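Visitor: Input structure: my_file32.cif, which contains mmCIF, C-alpha atoms.
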data_data
loop_
_atom_site.label_atom_id
_atom_site.label_comp_id
_atom_site.auth_asym_id
_atom_site.auth_seq_id
_atom_site.Cartn_x
_atom_site.Cartn_y
_atom_site.Cartn_z
CA MET O 1 43.38 75.85 148.97
CA THR O 2 44.33 72.26 148.11
CA GLU O 3 42.49 70.89 151.13
CA ASP O 4 39.36 72.89 150.25
CA PHE O 5 39.56 71.65 146.66
CA ASN O 6 39.94 68.02 147.74
CA SER O 7 37.10 68.29 150.24
CA ASN O 8 34.70 69.30 147.46
CA LEU O 9 35.52 66.23 145.33
CA THR O 10 33.57 63.01 145.43
CA ALA O 11 35.31 59.69 146.10
CA GLU O 12 35.25 58.82 142.40
CA GLU O 13 36.69 62.22 141.44
CA LYS O 14 39.45 61.84 144.05
CA ARG O 15 40.27 58.39 142.67
CA GLY O 16 40.42 59.80 139.14
CA HIS O 17 42.64 62.67 140.34
CA VAL O 18 45.05 60.18 141.94
CA PHE O 19 45.14 58.09 138.76
CA LEU O 20 45.87 61.22 136.74
CA ILE O 21 48.83 62.09 138.98
CA ILE O 22 50.14 58.53 138.74
CA ARG O 23 49.85 58.55 134.93
CA ARG O 24 51.71 61.86 134.77
CA ILE O 25 54.48 60.56 137.00
CA ILE O 26 54.85 57.43 134.87
CA SER O 27 54.85 59.53 131.68
CA TYR O 28 57.53 61.87 133.05
CA VAL O 29 59.68 58.93 134.17
CA ILE O 30 59.44 57.31 130.73
CA LEU O 31 60.19 60.60 128.94
CA ILE O 32 63.19 61.30 131.18
CA ALA O 33 64.49 57.76 130.61
CA MET O 34 64.10 58.12 126.82
CA CYS O 35 65.81 61.50 126.92
CA LEU O 36 68.75 60.02 128.83
CA LEU O 37 69.00 57.16 126.34
CA CYS O 38 69.15 59.68 123.47
CA VAL O 39 71.66 61.97 125.16
CA PHE O 40 73.94 59.23 126.54
CA PRO O 41 75.71 58.35 123.25
CA PHE O 42 76.49 62.02 122.57
CA LEU O 43 77.69 62.51 126.14
CA THR O 44 79.89 59.43 125.85
CA LEU O 45 81.35 60.71 122.57
CA LEU O 46 82.12 64.13 124.05
CA ILE O 47 83.83 62.53 127.04
CA ASN O 48 85.85 60.12 124.89
CA MET O 49 87.07 63.05 122.79
CA THR O 50 88.94 64.26 125.88
CA LYS O 51 90.81 60.97 126.47
CA ASN O 52 93.92 59.46 124.95
CA HIS O 53 94.31 55.97 123.55
CA ALA O 54 95.58 54.46 126.80
CA GLU O 55 92.63 55.81 128.81
CA LEU O 56 90.13 54.62 126.21
CA SER O 57 91.68 51.14 126.20
CA GLN O 58 90.88 50.76 129.88
CA ALA O 59 87.49 50.23 131.52
CA PHE O 60 84.64 52.53 130.49
CA SER O 61 84.36 55.71 132.54
CA LEU O 62 82.34 58.92 132.38
CA ILE O 63 85.18 60.94 133.89
CA PRO O 64 86.60 63.36 131.26
CA GLY O 65 90.28 63.23 130.40
CA GLY O 66 92.73 65.98 129.58
CA SER O 67 93.72 65.14 126.00
CA PHE O 68 91.11 67.11 124.03
CA ILE O 69 93.57 69.70 122.68
CA LYS O 70 96.16 67.01 121.97
CA ASN O 71 93.69 64.86 120.02
CA PHE O 72 92.41 67.86 118.09
CA THR O 73 95.92 69.03 117.20
CA ARG O 74 97.00 65.57 116.08
CA ILE O 75 93.97 65.24 113.81
CA ILE O 76 94.43 68.67 112.23
CA ASN O 77 98.15 68.15 111.65
CA ASP O 78 97.93 64.54 110.48
CA ASN O 79 98.78 64.44 106.77
CA ASN O 80 97.54 60.85 106.45
CA VAL O 81 94.03 61.75 107.68
CA ALA O 82 92.75 64.74 105.68
CA VAL O 83 89.88 65.53 108.04
CA VAL O 84 89.64 69.24 107.24
CA ARG O 85 89.65 68.66 103.47
CA ALA O 86 87.14 65.82 103.84
CA MET O 87 84.85 68.05 105.90
CA GLY O 88 85.09 70.71 103.20
CA ASN O 89 84.24 68.14 100.52
CA SER O 90 81.26 66.87 102.51
CA LEU O 91 80.03 70.39 103.23
CA LEU O 92 80.21 71.34 99.55
CA ILE O 93 78.42 68.21 98.38
CA GLY O 94 75.86 68.40 101.21
CA ALA O 95 75.02 72.07 100.64
CA VAL O 96 74.64 71.76 96.87
CA THR O 97 72.75 68.49 97.21
CA CYS O 98 70.16 69.72 99.72
CA ILE O 99 69.50 72.93 97.74
CA ILE O 100 69.01 71.13 94.41
CA ASN O 101 67.12 68.29 96.07
CA VAL O 102 64.57 70.48 97.83
CA TYR O 103 64.09 73.00 95.03
CA VAL O 104 63.57 70.47 92.23
CA SER O 105 61.37 68.26 94.40
CA SER O 106 59.27 71.27 95.44
CA LEU O 107 58.95 72.35 91.81
CA THR O 108 57.84 68.85 90.81
CA ALA O 109 55.34 68.67 93.67
CA TYR O 110 53.98 72.07 92.69
CA GLY O 111 53.52 70.95 89.10
CA LEU O 112 51.50 67.90 90.12
CA TYR O 113 49.53 69.85 92.71
CA ALA O 114 48.65 73.06 90.89
CA TYR O 115 48.12 71.80 87.33
CA GLU O 116 45.58 69.45 85.82
CA PHE O 117 46.68 67.26 82.93
CA ARG O 118 45.81 63.85 81.55
CA LEU O 119 48.68 61.79 82.97
CA LYS O 120 48.77 63.48 86.37
CA LYS O 121 47.79 60.38 88.37
CA VAL O 122 50.10 58.20 86.31
CA ALA O 123 53.04 60.52 87.00
CA TYR O 124 52.27 60.57 90.74
CA THR O 125 52.00 56.77 90.83
CA PHE O 126 55.27 56.37 88.92
CA ILE O 127 57.10 58.61 91.41
CA MET O 128 55.69 56.60 94.31
CA ILE O 129 56.89 53.39 92.66
CA VAL O 130 60.39 54.87 92.32
CA LEU O 131 60.22 55.74 96.03
CA MET O 132 59.93 52.04 96.87
CA VAL O 133 63.01 51.03 94.83
CA PRO O 134 66.15 50.75 97.02
CA THR O 135 69.13 52.83 96.00
CA GLN O 136 71.35 49.75 95.89
CA VAL O 137 69.27 48.21 93.08
CA SER O 138 70.20 50.90 90.55
CA ALA O 139 73.60 51.80 92.01
CA LEU O 140 75.67 49.39 89.91
CA GLY O 141 74.29 50.62 86.60
CA TYR O 142 74.61 54.24 87.69
CA VAL O 143 78.21 53.78 88.82
CA GLN O 144 79.16 52.12 85.54
CA MET O 145 77.48 54.91 83.58
CA VAL O 146 79.17 57.83 85.40
CA LYS O 147 82.53 56.08 85.37
CA GLY O 148 82.17 55.79 81.61
CA TRP O 149 81.70 59.56 81.54
CA GLY O 150 84.83 60.07 83.66
CA PHE O 151 83.06 61.08 86.89
CA GLU O 152 85.19 59.20 89.40
CA ASN O 153 87.93 59.91 91.95
CA ASP O 154 88.89 63.59 91.53
CA ASN O 155 85.89 64.24 89.25
CA ALA O 156 83.30 62.37 91.32
CA PHE O 157 81.52 65.40 92.81
CA PRO O 158 78.96 65.79 89.97
CA ALA O 159 78.17 62.07 90.18
CA LEU O 160 77.43 62.42 93.91
CA ILE O 161 75.22 65.48 93.43
CA PHE O 162 73.29 64.36 90.33
CA PRO O 163 71.12 61.67 92.08
CA ALA O 164 69.79 64.35 94.44
CA ILE O 165 67.81 65.89 91.57
CA ALA O 166 65.34 62.99 91.80
CA ALA O 167 64.12 62.63 95.39
CA PRO O 168 60.72 60.90 95.54
CA GLY O 169 60.62 61.03 99.34
CA VAL O 170 61.09 64.78 99.42
CA PHE O 171 58.55 65.17 96.63
CA PHE O 172 55.94 63.19 98.57
CA PHE O 173 56.47 65.19 101.77
CA ILE O 174 56.28 68.54 99.98
CA HIS O 175 53.20 67.44 98.03
CA GLN O 176 51.44 66.43 101.25
CA TYR O 177 52.39 69.74 102.82
CA MET O 178 50.97 71.64 99.87
CA GLU O 179 47.65 69.88 100.24
CA SER O 180 47.42 71.03 103.85
CA ALA O 181 48.94 74.52 103.67
CA LEU O 182 48.76 75.87 100.10
CA PRO O 183 45.30 76.95 98.86
CA LEU O 184 45.06 77.03 95.09
CA GLU O 185 43.27 80.37 95.39
CA ILE O 186 46.60 81.98 96.22
CA VAL O 187 48.11 80.61 93.02
CA GLU O 188 45.11 81.81 91.00
CA ALA O 189 45.37 85.27 92.57
CA GLY O 190 49.02 85.46 91.53
CA ARG O 191 48.12 84.55 87.97
CA ILE O 192 45.34 87.16 87.88
CA ASP O 193 47.83 89.78 89.07
CA GLY O 194 49.96 89.01 86.05
CA GLY O 195 52.72 86.95 87.65
CA HIS O 196 54.34 84.28 85.52
CA GLU O 197 54.58 80.73 86.84
CA PHE O 198 58.18 80.79 88.06
CA TYR O 199 57.61 84.11 89.80
CA ILE O 200 54.56 82.68 91.58
CA PHE O 201 56.48 79.58 92.59
CA ASN O 202 59.59 81.39 93.80
CA PHE O 203 58.00 84.36 95.57
CA VAL O 204 54.52 83.13 96.54
CA VAL O 205 54.65 79.36 96.98
CA LEU O 206 58.16 78.86 98.41
CA PRO O 207 57.63 81.26 101.38
CA ILE O 208 54.52 79.27 102.32
CA LEU O 209 56.52 76.04 102.07
CA LYS O 210 59.33 77.35 104.27
CA PRO O 211 58.69 74.98 107.24
CA ALA O 212 58.53 71.91 105.00
CA ILE O 213 61.58 73.05 103.02
CA ALA O 214 63.57 73.55 106.23
CA VAL O 215 62.71 70.03 107.41
CA GLN O 216 63.64 68.44 104.11
CA MET O 217 66.86 70.46 103.87
CA ILE O 218 67.90 69.02 107.23
CA PHE O 219 67.09 65.48 106.15
CA SER O 220 68.76 65.93 102.76
CA PHE O 221 71.91 67.42 104.26
CA VAL O 222 72.16 64.67 106.86
CA ALA O 223 71.66 61.97 104.21
CA SER O 224 74.35 63.51 102.00
CA TRP O 225 76.72 64.09 104.91
CA ASN O 226 76.41 60.46 106.07
CA ASN O 227 76.46 58.97 102.57
CA TYR O 228 79.12 56.27 102.43
CA PHE O 229 77.78 53.80 99.85
CA LEU O 230 78.05 55.87 96.64
CA PRO O 231 81.32 57.73 97.47
CA GLN O 232 82.94 54.42 98.35
CA LEU O 233 82.07 53.09 94.89
CA LEU O 234 83.22 56.20 93.02
CA MET O 235 86.26 57.33 95.01
CA GLN O 236 89.33 55.15 95.23
CA ASN O 237 91.57 58.11 96.01
CA THR O 238 90.95 59.01 99.66
CA SER O 239 93.39 61.93 99.93
CA LYS O 240 91.94 64.80 97.90
CA THR O 241 88.29 64.21 97.07
CA ALA O 242 87.24 61.84 99.85
CA THR O 243 84.20 62.72 101.90
CA LEU O 244 84.18 62.50 105.68
CA PRO O 245 82.50 59.05 105.94
CA LEU O 246 85.32 57.59 103.81
CA VAL O 247 87.95 59.13 106.07
CA VAL O 248 86.19 57.85 109.20
CA ALA O 249 85.90 54.37 107.71
CA ALA O 250 89.54 54.37 106.68
CA LEU O 251 90.57 55.55 110.14
CA ASN O 252 88.51 52.86 111.87
CA ALA O 253 89.78 50.17 109.52
CA SER O 254 93.44 50.93 110.11
CA GLY O 255 95.12 48.21 112.10
CA ASN O 256 98.69 49.45 112.15
CA ASP O 257 100.69 50.91 115.00
CA ASN O 258 99.29 54.39 114.33
CA PHE O 259 95.76 53.38 115.34
CA ASP O 260 94.63 55.79 118.05
CA LEU O 261 91.19 55.66 119.67
CA GLY O 262 91.56 59.28 120.79
CA LYS O 263 91.91 60.38 117.16
CA VAL O 264 88.99 58.18 116.11
CA TYR O 265 86.64 59.73 118.65
CA MET O 266 87.85 63.22 117.77
CA VAL O 267 87.06 62.62 114.09
CA LEU O 268 83.62 61.26 115.01
CA GLY O 269 82.97 64.32 117.16
CA LEU O 270 84.00 66.69 114.38
CA ALA O 271 81.80 64.73 111.97
CA ILE O 272 78.59 65.42 113.91
CA MET O 273 79.26 69.11 114.64
CA PRO O 274 77.97 70.43 111.27
CA LEU O 275 74.82 68.33 111.68
CA ILE O 276 74.17 69.89 115.07
CA VAL O 277 74.70 73.39 113.66
CA VAL O 278 72.31 72.75 110.75
CA TYR O 279 69.71 71.34 113.11
CA LEU O 280 69.95 74.27 115.53
CA CYS O 281 69.60 76.76 112.67
CA LEU O 282 66.48 75.12 111.25
CA SER O 283 65.00 73.36 114.28
CA LYS O 284 62.16 75.86 114.83
CA TYR O 285 60.56 74.69 111.60
CA ILE O 286 60.74 70.95 112.27
CA ILE O 287 57.68 70.39 114.46
CA ARG O 288 55.49 72.70 112.41
CA GLY O 289 56.66 71.26 109.12
CA ILE O 290 56.21 67.63 110.13
CA ALA O 291 52.82 68.28 111.77
CA LEU O 292 51.38 70.11 108.77
CA GLY O 293 52.98 67.79 106.27
CA SER O 294 51.33 64.76 107.87
CA VAL O 295 47.80 66.21 107.79
CA LYS O 296 45.85 66.33 104.58
CA GLY O 297 43.87 69.55 104.25
#
For this file, write the structure as structure tokens.
Guide:
Amino acid sequence: MTEDFNSNLTAEEKRGHVFLIIRRIISYVILIAMCLLCVFPFLTLLINMTKNHAELSQAFSLIPGGSFIKNFTRIINDNNVAVVRAMGNSLLIGAVTCIINVYVSSLTAYGLYAYEFRLKKVAYTFIMIVLMVPTQVSALGYVQMVKGWGFENDNAFPALIFPAIAAPGVFFFIHQYMESALPLEIVEAGRIDGGHEFYIFNFVVLPILKPAIAVQMIFSFVASWNNYFLPQLLMQNTSKTATLPLVVAALNASGNDNFDLGKVYMVLGLAIMPLIVVYLCLSKYIIRGIALGSVKG
């Protein structure tokens, strides 16, 4: 069959067919190389979690060790490194943050998308300006303000969650998604049927926004989970209320005789596990949400 197919092609068509095969081979090689580059750090981390400090202090090797259970047990039972409590703190802050972040941002985007009012363009422009302001610029004033209210150390959780209410980046993504996937006729139909505005938003609009919401929940959770800057400014007590990035930083910064690379890699491995679980649970929405959110209807 292949010989018959090739015999019916002209010289130019055969040359184009060869070039197509070569391009595909080059594309596959590049994609495989990029995939290996992305997977290699995770593979290295998993392997290092199975080694003890002495093995990790030697030359680099991809051969797994036999100290996984030992490293895990030492981390769990170490009273000086409250990994389990820190993971619980980070999970609580991350979950509350991503829910508030996405819901309020979606509600704001819906208000600017579905309603017409005089200062609509001004409000949209103002939010975009806020998007360009780095977090570090306003952090000092915010930290001084919440510390004056007593939101620090053991009471720092509200101060870590409150900034998530205003998320210009999430607002912009949701707004773009609405323009490509939410016809205003659906909103008008809900109003004609007698639904009030919050009912329409919660039971008509939000299901349509599910892919975009899933994507932004992943990004919001990851940002909160990896947040080190603000907790470091608000939490001086690293035993009870510390988040996981603070514990990891404290563990890496320790230079005493108890420094153990096996424990460090085990903590790093435990730190990325919740992120992987969240991604696997919501991954089916990512491609669809990003694709639709980047196309204006």
Visitor: Extract, using only C-alpha atoms, all DNA, RNA and protein residues at most 9 Å from O:Asn101, discarding same-chain residues fewer than 3 positions from it, and format them as an NGL selection string.
Guide: :O and (96-98 or 104-106 or 161 or 163-167 or 170 or 216-217 or 220)
Visitor: For the provided coordinates, the residues matched by the PyMOL selection byres ((chain O and resi 243-249) around 8) should be stated as a list of chain:residue names.
Guide: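 With the PyMOL selection byres ((chain O and resi 243-249) around 8) on this model, the match is O:Val81, O:Ala82, O:Val83, O:Ala86, O:Met87, O:Asn89, O:Ser90, O:Trp225, O:Asn226, O:Asn227, O:Tyr228, O:Pro231, O:Gln232, O:Thr238, O:Thr241, O:Ala242, O:Ala250, O:Leu251, O:Asn252, O:Ala253, O:Val264, O:Val267, O:Leu268, O:Ala271.
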Visitor: Residues picked by the PyMOL selection byres ((chain O and resi 42-47) around 9) here, as an NGL selection string?
Guide: :O and (38-41 or 48-51 or 61-65 or 265-266 or 268-269)
Visitor: Specify as a PyMOL selection string each residue included when the PyMOL selection byres ((chain O and resi 173) around 9) is applied to this file.
Guide: chain O and resi 109+168-172+174-178+212+216+290+293-294
Visitor: Atom CA of O:Tyr103 and atom CA of O:Val215, how far apart in Å?
Guide: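 A separation of 12.8 Å between them.
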Visitor: If I put a ball of radius 12 Å at (94.7, 66.6, 113.8) in the file's coordinates, which residues poke into it when counting all atoms listed in the file, written as a PyMOL selection string?
Guide: chain O and resi 68-85+260+262-267+270
Visitor: Mind pulling up the distance from atom CA of O:Val187 to atom CA of O:Leu209?
Guide: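 Between these atoms lies a distance of 13.2 Å.
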Visitor: Between O:His196, O:Glu185, O:Leu261, O:Val204, single out the one closest to O:Ser57, counting only C-alpha atoms.
Guide: O:Leu261
Visitor: Could you tell me how far atom CA of O:Ser27 sits from atom CA of O:Glu13, in Å to one decimal place?
Guide: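 Between atom CA of O:Glu13 and atom CA of O:Ser27 the gap works out to 20.8 Å.
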Visitor: How big is the axis-aligned box, and where does its centre sit, when it encloses all atoms of stretch 72-76 of chain O listed in the file and has 8 Å added on every side, reported in Å to one decimal as JSON?
Guide:
{"center_x": 94.7, "center_y": 67.1, "center_z": 115.2, "size_x": 20.6, "size_y": 19.8, "size_z": 21.9}
Visitor: With all heavy atoms as the target, complete stretch 148-159 of chain O and hand it back as a compact mmCIF listing (two decimals), in the coordinates of the input.
Guide:
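Saved the output as part17.txt:
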# COMPACT_ATOMS: atom_id res chain seq x y z
N GLY O 148 81.96 55.69 83.05
CA GLY O 148 82.17 55.79 81.61
C GLY O 148 82.27 57.22 81.14
O GLY O 148 82.91 57.53 80.13
N TRP O 149 81.62 58.13 81.86
CA TRP O 149 81.70 59.56 81.54
C TRP O 149 82.91 60.24 82.19
O TRP O 149 83.13 61.42 81.97
CB TRP O 149 80.43 60.26 81.99
CG TRP O 149 79.21 59.84 81.24
CD1 TRP O 149 79.16 59.15 80.06
CD2 TRP O 149 77.85 60.07 81.63
NE1 TRP O 149 77.87 58.94 79.67
CE2 TRP O 149 77.03 59.50 80.61
CE3 TRP O 149 77.23 60.71 82.70
CZ2 TRP O 149 75.64 59.55 80.65
CZ3 TRP O 149 75.84 60.75 82.75
CH2 TRP O 149 75.06 60.17 81.74
N GLY O 150 83.66 59.50 83.02
CA GLY O 150 84.83 60.07 83.66
C GLY O 150 84.57 60.70 85.02
O GLY O 150 85.46 61.36 85.57
N PHE O 151 83.38 60.49 85.58
CA PHE O 151 83.06 61.08 86.89
C PHE O 151 83.42 60.10 88.00
O PHE O 151 82.56 59.42 88.57
CB PHE O 151 81.57 61.45 86.96
CG PHE O 151 81.18 62.56 86.04
CD1 PHE O 151 80.14 62.38 85.14
CD2 PHE O 151 81.84 63.77 86.06
CE1 PHE O 151 79.77 63.41 84.28
CE2 PHE O 151 81.48 64.80 85.20
CZ PHE O 151 80.45 64.61 84.31
N GLU O 152 84.71 60.05 88.31
CA GLU O 152 85.19 59.20 89.40
C GLU O 152 86.44 59.82 89.99
O GLU O 152 87.07 60.69 89.39
CB GLU O 152 85.47 57.78 88.92
CG GLU O 152 86.51 57.70 87.81
CD GLU O 152 86.76 56.26 87.38
OE1 GLU O 152 86.63 55.37 88.23
OE2 GLU O 152 87.09 56.04 86.20
N ASN O 153 86.78 59.40 91.22
CA ASN O 153 87.93 59.91 91.95
C ASN O 153 87.89 61.43 92.04
O ASN O 153 86.98 62.00 92.64
CB ASN O 153 89.22 59.40 91.31
CG ASN O 153 89.37 57.89 91.47
OD1 ASN O 153 88.90 57.32 92.45
ND2 ASN O 153 90.03 57.26 90.52
N ASP O 154 88.83 62.13 91.41
CA ASP O 154 88.89 63.59 91.53
C ASP O 154 87.71 64.29 90.87
O ASP O 154 87.43 65.46 91.19
CB ASP O 154 90.20 64.11 90.90
CG ASP O 154 91.42 63.68 91.70
OD1 ASP O 154 91.24 63.24 92.85
OD2 ASP O 154 92.53 63.75 91.16
N ASN O 155 87.02 63.63 89.96
CA ASN O 155 85.89 64.24 89.25
C ASN O 155 84.55 63.65 89.69
O ASN O 155 83.57 63.69 88.93
CB ASN O 155 86.06 64.05 87.74
CG ASN O 155 87.32 64.70 87.21
OD1 ASN O 155 87.68 65.80 87.62
ND2 ASN O 155 88.01 64.01 86.31
N ALA O 156 84.49 63.10 90.89
CA ALA O 156 83.30 62.37 91.32
C ALA O 156 82.21 63.27 91.89
O ALA O 156 81.09 62.79 92.10
CB ALA O 156 83.68 61.31 92.35
N PHE O 157 82.52 64.53 92.17
CA PHE O 157 81.52 65.40 92.81
C PHE O 157 80.21 65.49 92.02
O PHE O 157 79.14 65.35 92.60
CB PHE O 157 82.10 66.79 93.03
CG PHE O 157 83.04 66.87 94.21
CD1 PHE O 157 83.38 65.73 94.92
CD2 PHE O 157 83.57 68.07 94.60
CE1 PHE O 157 84.24 65.78 96.00
CE2 PHE O 157 84.44 68.14 95.69
CZ PHE O 157 84.78 66.98 96.39
N PRO O 158 80.24 65.74 90.70
CA PRO O 158 78.96 65.79 89.97
C PRO O 158 78.17 64.49 90.07
O PRO O 158 76.94 64.51 90.14
CB PRO O 158 79.39 66.08 88.53
CG PRO O 158 80.71 66.74 88.65
CD PRO O 158 81.38 66.08 89.81
N ALA O 159 78.86 63.36 90.10
CA ALA O 159 78.17 62.07 90.18
C ALA O 159 77.51 61.87 91.54
O ALA O 159 76.53 61.14 91.66
CB ALA O 159 79.14 60.93 89.90
